[in-house]
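S.K.: This one is entry-v2.cif, mmCIF, N, CA, C and O atoms.
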data_structure
#
loop_
_atom_site.label_atom_id
_atom_site.label_comp_id
_atom_site.auth_asym_id
_atom_site.auth_seq_id
_atom_site.Cartn_x
_atom_site.Cartn_y
_atom_site.Cartn_z
N MET A 1 0.83 -1.18 0.00
CA MET A 1 0.00 0.00 0.00
C MET A 1 0.87 1.24 0.00
O MET A 1 2.05 1.16 0.25
N SER A 2 0.24 2.34 -0.24
CA SER A 2 0.99 3.58 -0.20
C SER A 2 1.31 3.93 1.25
O SER A 2 0.75 3.37 2.17
N ARG A 3 2.17 4.85 1.43
CA ARG A 3 2.57 5.21 2.79
C ARG A 3 1.43 5.80 3.61
O ARG A 3 1.41 5.67 4.82
N ASN A 4 0.46 6.39 2.95
CA ASN A 4 -0.66 6.97 3.70
C ASN A 4 -1.76 5.95 3.96
O ASN A 4 -2.78 6.28 4.54
N GLY A 5 -1.58 4.70 3.52
CA GLY A 5 -2.54 3.65 3.81
C GLY A 5 -3.74 3.61 2.88
O GLY A 5 -4.66 2.84 3.10
N SER A 6 -3.73 4.41 1.82
CA SER A 6 -4.89 4.47 0.92
C SER A 6 -4.90 3.33 -0.09
O SER A 6 -5.93 3.06 -0.70
N GLY A 7 -3.76 2.65 -0.30
CA GLY A 7 -3.69 1.60 -1.30
C GLY A 7 -3.57 2.14 -2.70
O GLY A 7 -3.71 1.40 -3.67
N VAL A 8 -3.31 3.43 -2.83
CA VAL A 8 -3.20 4.08 -4.13
C VAL A 8 -1.94 4.94 -4.11
O VAL A 8 -1.71 5.69 -3.16
N LYS A 9 -1.12 4.81 -5.17
CA LYS A 9 0.07 5.64 -5.24
C LYS A 9 0.47 5.83 -6.70
O LYS A 9 0.15 5.00 -7.55
N PRO A 10 1.18 6.91 -7.00
CA PRO A 10 1.69 7.09 -8.36
C PRO A 10 2.69 5.97 -8.68
O PRO A 10 3.54 5.64 -7.86
N ALA A 11 2.57 5.38 -9.87
CA ALA A 11 3.50 4.34 -10.28
C ALA A 11 4.52 4.89 -11.26
O ALA A 11 5.65 4.42 -11.31
N SER A 12 4.12 5.87 -12.04
CA SER A 12 5.00 6.53 -12.99
C SER A 12 4.38 7.88 -13.32
O SER A 12 3.39 8.27 -12.71
N LYS A 13 4.93 8.55 -14.32
CA LYS A 13 4.35 9.84 -14.72
C LYS A 13 3.02 9.68 -15.43
O LYS A 13 2.29 10.65 -15.59
N SER A 14 2.69 8.44 -15.83
CA SER A 14 1.46 8.24 -16.58
C SER A 14 0.55 7.15 -16.01
O SER A 14 -0.43 6.76 -16.64
N SER A 15 0.85 6.65 -14.81
CA SER A 15 0.00 5.61 -14.24
C SER A 15 -0.06 5.68 -12.72
O SER A 15 0.82 6.22 -12.06
N ILE A 16 -1.12 5.07 -12.20
CA ILE A 16 -1.38 5.01 -10.76
C ILE A 16 -1.49 3.54 -10.38
O ILE A 16 -2.14 2.76 -11.09
N GLN A 17 -0.85 3.16 -9.28
CA GLN A 17 -0.92 1.78 -8.81
C GLN A 17 -1.96 1.65 -7.71
O GLN A 17 -2.02 2.46 -6.79
N ILE A 18 -2.80 0.64 -7.83
CA ILE A 18 -3.82 0.34 -6.83
C ILE A 18 -3.47 -1.01 -6.21
O ILE A 18 -3.05 -1.92 -6.92
N THR A 19 -3.60 -1.12 -4.88
CA THR A 19 -3.27 -2.35 -4.16
C THR A 19 -4.46 -2.76 -3.31
O THR A 19 -5.08 -1.93 -2.65
N PHE A 20 -4.77 -4.08 -3.35
CA PHE A 20 -5.86 -4.61 -2.53
C PHE A 20 -5.64 -6.10 -2.33
O PHE A 20 -4.84 -6.72 -3.04
N GLN A 21 -6.33 -6.69 -1.37
CA GLN A 21 -6.27 -8.12 -1.09
C GLN A 21 -7.47 -8.80 -1.74
O GLN A 21 -8.60 -8.32 -1.61
N TYR A 22 -7.22 -9.91 -2.44
CA TYR A 22 -8.31 -10.68 -3.03
C TYR A 22 -7.98 -12.16 -2.95
O TYR A 22 -6.93 -12.59 -3.42
N GLN A 23 -8.82 -12.92 -2.30
CA GLN A 23 -8.65 -14.37 -2.11
C GLN A 23 -7.28 -14.72 -1.56
O GLN A 23 -6.63 -15.67 -2.00
N GLY A 24 -6.83 -13.95 -0.60
CA GLY A 24 -5.56 -14.23 0.05
C GLY A 24 -4.33 -13.75 -0.70
O GLY A 24 -3.22 -13.98 -0.26
N PHE A 25 -4.52 -13.10 -1.83
CA PHE A 25 -3.41 -12.58 -2.61
C PHE A 25 -3.39 -11.07 -2.53
O PHE A 25 -4.44 -10.43 -2.57
N ARG A 26 -2.19 -10.51 -2.46
CA ARG A 26 -2.06 -9.06 -2.58
C ARG A 26 -2.00 -8.75 -4.06
O ARG A 26 -1.13 -9.23 -4.78
N CYS A 27 -2.95 -7.97 -4.51
CA CYS A 27 -3.05 -7.64 -5.93
C CYS A 27 -2.64 -6.19 -6.14
O CYS A 27 -3.05 -5.30 -5.39
N ARG A 28 -1.82 -5.99 -7.16
CA ARG A 28 -1.40 -4.64 -7.54
C ARG A 28 -1.69 -4.48 -9.02
O ARG A 28 -1.26 -5.31 -9.82
N GLU A 29 -2.39 -3.43 -9.35
CA GLU A 29 -2.72 -3.15 -10.75
C GLU A 29 -2.37 -1.70 -11.06
O GLU A 29 -2.56 -0.82 -10.21
N ASN A 30 -1.89 -1.47 -12.25
CA ASN A 30 -1.61 -0.11 -12.70
C ASN A 30 -2.77 0.38 -13.55
O ASN A 30 -3.26 -0.35 -14.41
N ILE A 31 -3.18 1.59 -13.29
CA ILE A 31 -4.25 2.24 -14.03
C ILE A 31 -3.62 3.38 -14.81
O ILE A 31 -2.89 4.20 -14.26
N GLN A 32 -3.89 3.40 -16.10
CA GLN A 32 -3.25 4.38 -16.98
C GLN A 32 -3.94 5.75 -16.86
O GLN A 32 -4.76 6.12 -17.68
N LEU A 33 -3.60 6.45 -15.80
CA LEU A 33 -4.05 7.81 -15.56
C LEU A 33 -2.87 8.60 -15.03
O LEU A 33 -2.08 8.07 -14.23
N LYS A 34 -2.74 9.83 -15.45
CA LYS A 34 -1.70 10.69 -14.91
C LYS A 34 -1.99 10.90 -13.42
O LYS A 34 -3.12 11.19 -13.04
N PRO A 35 -0.99 10.74 -12.55
CA PRO A 35 -1.22 10.82 -11.12
C PRO A 35 -1.41 12.25 -10.58
O PRO A 35 -0.63 12.73 -9.77
N THR A 36 -2.45 12.90 -11.03
CA THR A 36 -2.80 14.22 -10.49
C THR A 36 -3.58 14.01 -9.19
O THR A 36 -4.11 12.92 -8.95
N PRO A 37 -3.69 15.02 -8.35
CA PRO A 37 -4.46 14.86 -7.13
C PRO A 37 -5.91 14.41 -7.40
O PRO A 37 -6.45 13.56 -6.67
N ALA A 38 -6.53 14.94 -8.43
CA ALA A 38 -7.92 14.55 -8.75
C ALA A 38 -7.99 13.09 -9.18
O ALA A 38 -8.91 12.36 -8.76
N ASN A 39 -7.04 12.65 -10.00
CA ASN A 39 -7.04 11.25 -10.45
C ASN A 39 -6.72 10.29 -9.31
O ASN A 39 -7.28 9.20 -9.24
N LEU A 40 -5.83 10.68 -8.41
CA LEU A 40 -5.53 9.85 -7.25
C LEU A 40 -6.77 9.67 -6.39
O LEU A 40 -7.07 8.56 -5.93
N LYS A 41 -7.52 10.74 -6.20
CA LYS A 41 -8.76 10.67 -5.43
C LYS A 41 -9.78 9.76 -6.14
O LYS A 41 -10.47 8.97 -5.50
N ARG A 42 -9.86 9.89 -7.46
CA ARG A 42 -10.77 9.07 -8.26
C ARG A 42 -10.43 7.58 -8.11
O ARG A 42 -11.30 6.73 -7.94
N VAL A 43 -9.14 7.25 -8.15
CA VAL A 43 -8.71 5.86 -8.04
C VAL A 43 -8.92 5.35 -6.61
O VAL A 43 -9.25 4.18 -6.41
N GLU A 44 -8.79 6.22 -5.61
CA GLU A 44 -9.10 5.83 -4.23
C GLU A 44 -10.56 5.41 -4.12
O GLU A 44 -10.89 4.43 -3.45
N LYS A 45 -11.45 6.14 -4.79
CA LYS A 45 -12.87 5.78 -4.78
C LYS A 45 -13.10 4.46 -5.52
O LYS A 45 -13.91 3.64 -5.10
N GLN A 46 -12.37 4.25 -6.61
CA GLN A 46 -12.48 2.99 -7.35
C GLN A 46 -12.02 1.83 -6.47
O GLN A 46 -12.65 0.78 -6.44
N ARG A 47 -10.94 2.04 -5.74
CA ARG A 47 -10.43 1.00 -4.83
C ARG A 47 -11.45 0.70 -3.74
O ARG A 47 -11.68 -0.46 -3.40
N ALA A 48 -12.08 1.73 -3.21
CA ALA A 48 -13.11 1.52 -2.19
C ALA A 48 -14.27 0.69 -2.76
O ALA A 48 -14.80 -0.19 -2.07
N ALA A 49 -14.64 0.94 -4.00
CA ALA A 49 -15.70 0.17 -4.65
C ALA A 49 -15.27 -1.29 -4.84
O ALA A 49 -16.08 -2.21 -4.66
N ILE A 50 -14.00 -1.51 -5.18
CA ILE A 50 -13.48 -2.86 -5.34
C ILE A 50 -13.52 -3.60 -4.01
O ILE A 50 -13.99 -4.74 -3.93
N ILE A 51 -13.07 -2.95 -2.95
CA ILE A 51 -13.06 -3.57 -1.63
C ILE A 51 -14.48 -3.88 -1.18
O ILE A 51 -14.75 -4.95 -0.62
N HIS A 52 -15.42 -2.99 -1.45
CA HIS A 52 -16.82 -3.23 -1.12
C HIS A 52 -17.35 -4.44 -1.88
O HIS A 52 -18.02 -5.30 -1.30
N ALA A 53 -17.04 -4.52 -3.17
CA ALA A 53 -17.49 -5.67 -3.98
C ALA A 53 -16.88 -6.97 -3.47
O ALA A 53 -17.55 -8.01 -3.43
N ILE A 54 -15.61 -6.93 -3.07
CA ILE A 54 -14.97 -8.13 -2.50
C ILE A 54 -15.69 -8.53 -1.22
O ILE A 54 -16.01 -9.71 -1.03
N ASP A 55 -15.98 -7.57 -0.35
CA ASP A 55 -16.68 -7.86 0.90
C ASP A 55 -18.07 -8.43 0.66
O ASP A 55 -18.55 -9.28 1.41
N GLN A 56 -18.73 -7.96 -0.40
CA GLN A 56 -20.09 -8.42 -0.72
C GLN A 56 -20.08 -9.74 -1.49
O GLN A 56 -21.14 -10.34 -1.70
N GLY A 57 -18.91 -10.15 -1.96
CA GLY A 57 -18.82 -11.39 -2.73
C GLY A 57 -19.22 -11.23 -4.19
O GLY A 57 -19.52 -12.21 -4.86
N THR A 58 -19.22 -9.99 -4.68
CA THR A 58 -19.66 -9.74 -6.06
C THR A 58 -18.52 -9.30 -6.97
O THR A 58 -18.76 -8.99 -8.13
N PHE A 59 -17.30 -9.31 -6.47
CA PHE A 59 -16.15 -8.83 -7.25
C PHE A 59 -15.79 -9.83 -8.33
O PHE A 59 -15.63 -11.03 -8.07
N GLU A 60 -15.67 -9.37 -9.56
CA GLU A 60 -15.21 -10.16 -10.70
C GLU A 60 -13.94 -9.48 -11.22
O GLU A 60 -14.00 -8.40 -11.81
N TYR A 61 -12.80 -10.09 -10.98
CA TYR A 61 -11.50 -9.49 -11.31
C TYR A 61 -11.45 -9.01 -12.75
O TYR A 61 -11.04 -7.90 -13.05
N ALA A 62 -11.89 -9.86 -13.67
CA ALA A 62 -11.80 -9.54 -15.10
C ALA A 62 -12.70 -8.37 -15.50
O ALA A 62 -12.43 -7.70 -16.49
N ASN A 63 -13.74 -8.10 -14.74
CA ASN A 63 -14.60 -6.95 -15.04
C ASN A 63 -13.89 -5.63 -14.75
O ASN A 63 -14.11 -4.64 -15.43
N TYR A 64 -13.06 -5.62 -13.72
CA TYR A 64 -12.35 -4.41 -13.35
C TYR A 64 -11.01 -4.27 -14.10
O TYR A 64 -10.60 -3.17 -14.42
N PHE A 65 -10.35 -5.40 -14.32
CA PHE A 65 -9.02 -5.39 -14.94
C PHE A 65 -8.96 -6.46 -16.04
O PHE A 65 -8.28 -7.47 -15.90
N PRO A 66 -9.66 -6.26 -17.15
CA PRO A 66 -9.75 -7.30 -18.18
C PRO A 66 -8.42 -7.65 -18.86
O PRO A 66 -8.25 -8.79 -19.30
N ASP A 67 -7.50 -6.73 -18.93
CA ASP A 67 -6.23 -6.99 -19.61
C ASP A 67 -5.12 -7.45 -18.67
O ASP A 67 -3.98 -7.65 -19.10
N SER A 68 -5.44 -7.61 -17.41
CA SER A 68 -4.44 -7.99 -16.43
C SER A 68 -4.08 -9.47 -16.54
O SER A 68 -4.96 -10.32 -16.66
N PRO A 69 -2.80 -9.79 -16.47
CA PRO A 69 -2.42 -11.21 -16.43
C PRO A 69 -2.99 -11.92 -15.20
O PRO A 69 -3.31 -13.09 -15.24
N ARG A 70 -3.17 -11.18 -14.11
CA ARG A 70 -3.72 -11.77 -12.89
C ARG A 70 -5.20 -12.11 -13.05
O ARG A 70 -5.70 -13.02 -12.38
N ALA A 71 -5.90 -11.46 -13.96
CA ALA A 71 -7.33 -11.75 -14.17
C ALA A 71 -7.52 -13.19 -14.62
O ALA A 71 -8.55 -13.80 -14.33
N LYS A 72 -6.54 -13.74 -15.30
CA LYS A 72 -6.63 -15.12 -15.75
C LYS A 72 -6.49 -16.10 -14.59
O LYS A 72 -6.89 -17.25 -14.70
N MET A 73 -5.95 -15.63 -13.50
CA MET A 73 -5.77 -16.48 -12.33
C MET A 73 -7.10 -16.75 -11.63
O MET A 73 -7.25 -17.76 -10.95
N PHE A 74 -8.02 -15.84 -11.79
CA PHE A 74 -9.33 -15.96 -11.17
C PHE A 74 -10.38 -16.03 -12.28
O PHE A 74 -10.30 -15.29 -13.24
N PHE A 75 -11.34 -16.89 -12.14
CA PHE A 75 -12.43 -16.93 -13.10
C PHE A 75 -13.67 -17.45 -12.39
O PHE A 75 -13.58 -18.00 -11.30
N THR A 76 -14.82 -17.29 -13.00
CA THR A 76 -16.08 -17.65 -12.36
C THR A 76 -16.71 -18.84 -13.08
O THR A 76 -16.78 -18.87 -14.29
N THR A 77 -17.15 -19.82 -12.30
CA THR A 77 -17.94 -20.92 -12.82
C THR A 77 -19.17 -21.05 -11.94
O THR A 77 -19.05 -21.14 -10.73
N SER A 78 -20.31 -21.00 -12.54
CA SER A 78 -21.59 -21.13 -11.84
C SER A 78 -21.69 -20.22 -10.61
O SER A 78 -22.12 -20.63 -9.56
N GLY A 79 -21.24 -18.98 -10.76
CA GLY A 79 -21.40 -17.99 -9.71
C GLY A 79 -20.34 -18.03 -8.62
O GLY A 79 -20.38 -17.24 -7.71
N GLN A 80 -19.40 -18.97 -8.68
CA GLN A 80 -18.35 -19.04 -7.67
C GLN A 80 -17.00 -18.80 -8.33
O GLN A 80 -16.73 -19.31 -9.41
N THR A 81 -16.16 -18.04 -7.65
CA THR A 81 -14.82 -17.78 -8.16
C THR A 81 -13.90 -18.89 -7.70
O THR A 81 -13.91 -19.29 -6.54
N GLU A 82 -13.11 -19.42 -8.64
CA GLU A 82 -12.15 -20.48 -8.32
C GLU A 82 -10.79 -20.10 -8.89
O GLU A 82 -10.70 -19.39 -9.87
N HIS A 83 -9.77 -20.64 -8.28
CA HIS A 83 -8.43 -20.54 -8.85
C HIS A 83 -8.33 -21.58 -9.95
O HIS A 83 -8.95 -22.63 -9.90
N VAL A 84 -7.53 -21.29 -10.94
CA VAL A 84 -7.34 -22.23 -12.04
C VAL A 84 -6.85 -23.56 -11.51
O VAL A 84 -7.31 -24.63 -11.94
N GLU A 85 -5.94 -23.52 -10.56
CA GLU A 85 -5.39 -24.75 -10.00
C GLU A 85 -6.50 -25.62 -9.39
O GLU A 85 -6.53 -26.84 -9.59
N GLU A 86 -7.43 -25.01 -8.65
CA GLU A 86 -8.53 -25.76 -8.04
C GLU A 86 -9.41 -26.40 -9.11
O GLU A 86 -9.80 -27.56 -9.01
N TYR A 87 -9.71 -25.63 -10.14
CA TYR A 87 -10.56 -26.13 -11.21
C TYR A 87 -9.89 -27.31 -11.92
O TYR A 87 -10.52 -28.34 -12.16
N LEU A 88 -8.60 -27.18 -12.23
CA LEU A 88 -7.90 -28.25 -12.93
C LEU A 88 -7.77 -29.50 -12.07
O LEU A 88 -7.87 -30.62 -12.57
N THR A 89 -7.58 -29.32 -10.77
CA THR A 89 -7.52 -30.48 -9.86
C THR A 89 -8.85 -31.22 -9.88
O THR A 89 -8.86 -32.45 -9.98
N LYS A 90 -9.95 -30.49 -9.81
CA LYS A 90 -11.27 -31.12 -9.87
C LYS A 90 -11.47 -31.83 -11.20
O LYS A 90 -12.01 -32.93 -11.27
N TRP A 91 -11.04 -31.21 -12.27
CA TRP A 91 -11.21 -31.79 -13.59
C TRP A 91 -10.41 -33.08 -13.72
O TRP A 91 -10.90 -34.08 -14.23
N LEU A 92 -9.15 -33.07 -13.25
CA LEU A 92 -8.33 -34.26 -13.31
C LEU A 92 -8.95 -35.41 -12.52
O LEU A 92 -8.95 -36.56 -12.98
N ARG A 93 -9.49 -35.11 -11.33
CA ARG A 93 -10.16 -36.14 -10.54
C ARG A 93 -11.34 -36.72 -11.29
O ARG A 93 -11.59 -37.93 -11.25
N SER A 94 -12.09 -35.89 -11.97
CA SER A 94 -13.28 -36.37 -12.69
C SER A 94 -12.90 -37.22 -13.90
O SER A 94 -13.70 -38.04 -14.35
N GLN A 95 -11.69 -37.06 -14.42
CA GLN A 95 -11.25 -37.83 -15.58
C GLN A 95 -10.72 -39.21 -15.21
O GLN A 95 -10.56 -40.06 -16.07
N LYS A 96 -10.43 -39.43 -13.94
CA LYS A 96 -9.88 -40.73 -13.49
C LYS A 96 -10.95 -41.79 -13.44
O LYS A 96 -12.06 -41.63 -13.25
#
Could you take the file, read its structure, and then write that structure out as structure tokens?
M.R.:
Amino acid sequence: MSRNGSGVKPASKSSIQITFQYQGFRCRENIQLKPTPANLKRVEKQRAAIIHAIDQGTFEYANYFPDSPRAKMFFTTSGQTEHVEEYLTKWLRSQK
């Protein structure tokens, strides 16, 4: 997280990094916005919405960060989010 505890910090001159916990993983994503005070505040609100969705059980990683490599790590089947590893383990068991 950032030093002020907001989970939002400038990553470069053209992007802002957002940090949050999801399914036991610390997730960091860069958002392509110039890190102005207004944009930092906007991303803080976006992070708050993400945390709220996680708490409510309605967060879909790919909906918020569709181009993220980490989005492939999480996916939804029949309304439940699973890790790829869990899904493949279940699939392998069913094939035996």
S.K.: Please write the residues picked by the PyMOL selection byres (((chain A and resi 41-47 and name CA) around 8) and name CA) on this file as a PyMOL selection string.
M.R.: chain A and resi 6-8+16+18-20+37-40+48-51
S.K.: Could you state the separation of atom CA of Leu92 of chain A and atom CA of Glu60 of chain A in Å, given to one decimal place?
M.R.: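 One can read the atom CA of Leu92 of chain A to atom CA of Glu60 of chain A distance as 25.2 Å.
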S.K.: Which one is closest to Ser12 of chain A: A:Gly24, A:Leu88, A:Lys34, A:Gly57? Count all atoms listed in the file.
M.R.: A:Lys34
S.K.: Find the residues around Arg70 of chain A up to 12 Å (only C-alpha atoms counted), leave out those fewer than 4 positions away in its own chain, and share them as a VMD selection string.
M.R.: chain A and resid 22 25 to 30 60 to 62 64 to 66 74 to 75 83 to 84
S.K.: Since we have the selection now, will you write its residues out, keeping N, CA, C and O atoms, as a JSON list (two decimals), keeping the file's coordinate frame?
M.R.:
[["chain", "number", "residue", "atom", "x", "y", "z"],
["A", 22, "TYR", "N", -7.22, -9.91, -2.44],
["A", 22, "TYR", "CA", -8.31, -10.68, -3.03],
["A", 22, "TYR", "C", -7.98, -12.16, -2.95],
["A", 22, "TYR", "O", -6.93, -12.59, -3.42],
["A", 25, "PHE", "N", -4.52, -13.10, -1.83],
["A", 25, "PHE", "CA", -3.41, -12.58, -2.61],
["A", 25, "PHE", "C", -3.39, -11.07, -2.53],
["A", 25, "PHE", "O", -4.44, -10.43, -2.57],
["A", 26, "ARG", "N", -2.19, -10.51, -2.46],
["A", 26, "ARG", "CA", -2.06, -9.06, -2.58],
["A", 26, "ARG", "C", -2.00, -8.75, -4.06],
["A", 26, "ARG", "O", -1.13, -9.23, -4.78],
["A", 27, "CYS", "N", -2.95, -7.97, -4.51],
["A", 27, "CYS", "CA", -3.05, -7.64, -5.93],
["A", 27, "CYS", "C", -2.64, -6.19, -6.14],
["A", 27, "CYS", "O", -3.05, -5.30, -5.39],
["A", 28, "ARG", "N", -1.82, -5.99, -7.16],
["A", 28, "ARG", "CA", -1.40, -4.64, -7.54],
["A", 28, "ARG", "C", -1.69, -4.48, -9.02],
["A", 28, "ARG", "O", -1.26, -5.31, -9.82],
["A", 29, "GLU", "N", -2.39, -3.43, -9.35],
["A", 29, "GLU", "CA", -2.72, -3.15, -10.75],
["A", 29, "GLU", "C", -2.37, -1.70, -11.06],
["A", 29, "GLU", "O", -2.56, -0.82, -10.21],
["A", 30, "ASN", "N", -1.89, -1.47, -12.25],
["A", 30, "ASN", "CA", -1.61, -0.11, -12.70],
["A", 30, "ASN", "C", -2.77, 0.38, -13.55],
["A", 30, "ASN", "O", -3.26, -0.35, -14.41],
["A", 60, "GLU", "N", -15.67, -9.37, -9.56],
["A", 60, "GLU", "CA", -15.21, -10.16, -10.70],
["A", 60, "GLU", "C", -13.94, -9.48, -11.22],
["A", 60, "GLU", "O", -14.00, -8.40, -11.81],
["A", 61, "TYR", "N", -12.80, -10.09, -10.98],
["A", 61, "TYR", "CA", -11.50, -9.49, -11.31],
["A", 61, "TYR", "C", -11.45, -9.01, -12.75],
["A", 61, "TYR", "O", -11.04, -7.90, -13.05],
["A", 62, "ALA", "N", -11.89, -9.86, -13.67],
["A", 62, "ALA", "CA", -11.80, -9.54, -15.10],
["A", 62, "ALA", "C", -12.70, -8.37, -15.50],
["A", 62, "ALA", "O", -12.43, -7.70, -16.49],
["A", 64, "TYR", "N", -13.06, -5.62, -13.72],
["A", 64, "TYR", "CA", -12.35, -4.41, -13.35],
["A", 64, "TYR", "C", -11.01, -4.27, -14.10],
["A", 64, "TYR", "O", -10.60, -3.17, -14.42],
["A", 65, "PHE", "N", -10.35, -5.40, -14.32],
["A", 65, "PHE", "CA", -9.02, -5.39, -14.94],
["A", 65, "PHE", "C", -8.96, -6.46, -16.04],
["A", 65, "PHE", "O", -8.28, -7.47, -15.90],
["A", 66, "PRO", "N", -9.66, -6.26, -17.15],
["A", 66, "PRO", "CA", -9.75, -7.30, -18.18],
["A", 66, "PRO", "C", -8.42, -7.65, -18.86],
["A", 66, "PRO", "O", -8.25, -8.79, -19.30],
["A", 74, "PHE", "N", -8.02, -15.84, -11.79],
["A", 74, "PHE", "CA", -9.33, -15.96, -11.17],
["A", 74, "PHE", "C", -10.38, -16.03, -12.28],
["A", 74, "PHE", "O", -10.30, -15.29, -13.24],
["A", 75, "PHE", "N", -11.34, -16.89, -12.14],
["A", 75, "PHE", "CA", -12.43, -16.93, -13.10],
["A", 75, "PHE", "C", -13.67, -17.45, -12.39],
["A", 75, "PHE", "O", -13.58, -18.00, -11.30],
["A", 83, "HIS", "N", -9.77, -20.64, -8.28],
["A", 83, "HIS", "CA", -8.43, -20.54, -8.85],
["A", 83, "HIS", "C", -8.33, -21.58, -9.95],
["A", 83, "HIS", "O", -8.95, -22.63, -9.90],
["A", 84, "VAL", "N", -7.53, -21.29, -10.94],
["A", 84, "VAL", "CA", -7.34, -22.23, -12.04],
["A", 84, "VAL", "C", -6.85, -23.56, -11.51],
["A", 84, "VAL", "O", -7.31, -24.63, -11.94]]
S.K.: Identify which of the residues A:Lys13, A:Phe59, A:Ile54, A:Glu86 lies closest to Gln32 of chain A, counting only C-alpha atoms when measuring atom-to-atom distances.
M.R.: A:Lys13
S.K.: How far is it from atom C of Ala11 of chain A to atom N of Leu33 of chain A, in Å with one decimal?
M.R.: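 Atom-to-atom, atom C of Ala11 of chain A to atom N of Leu33 of chain A, that is 9.4 Å.
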S.K.: Could you state the separation of atom CA of Tyr87 of chain A and atom C of Lys72 of chain A in Å, given to one decimal place?
M.R.: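 We find that atom CA of Tyr87 of chain A and atom C of Lys72 of chain A lie 11.3 Å from each other.
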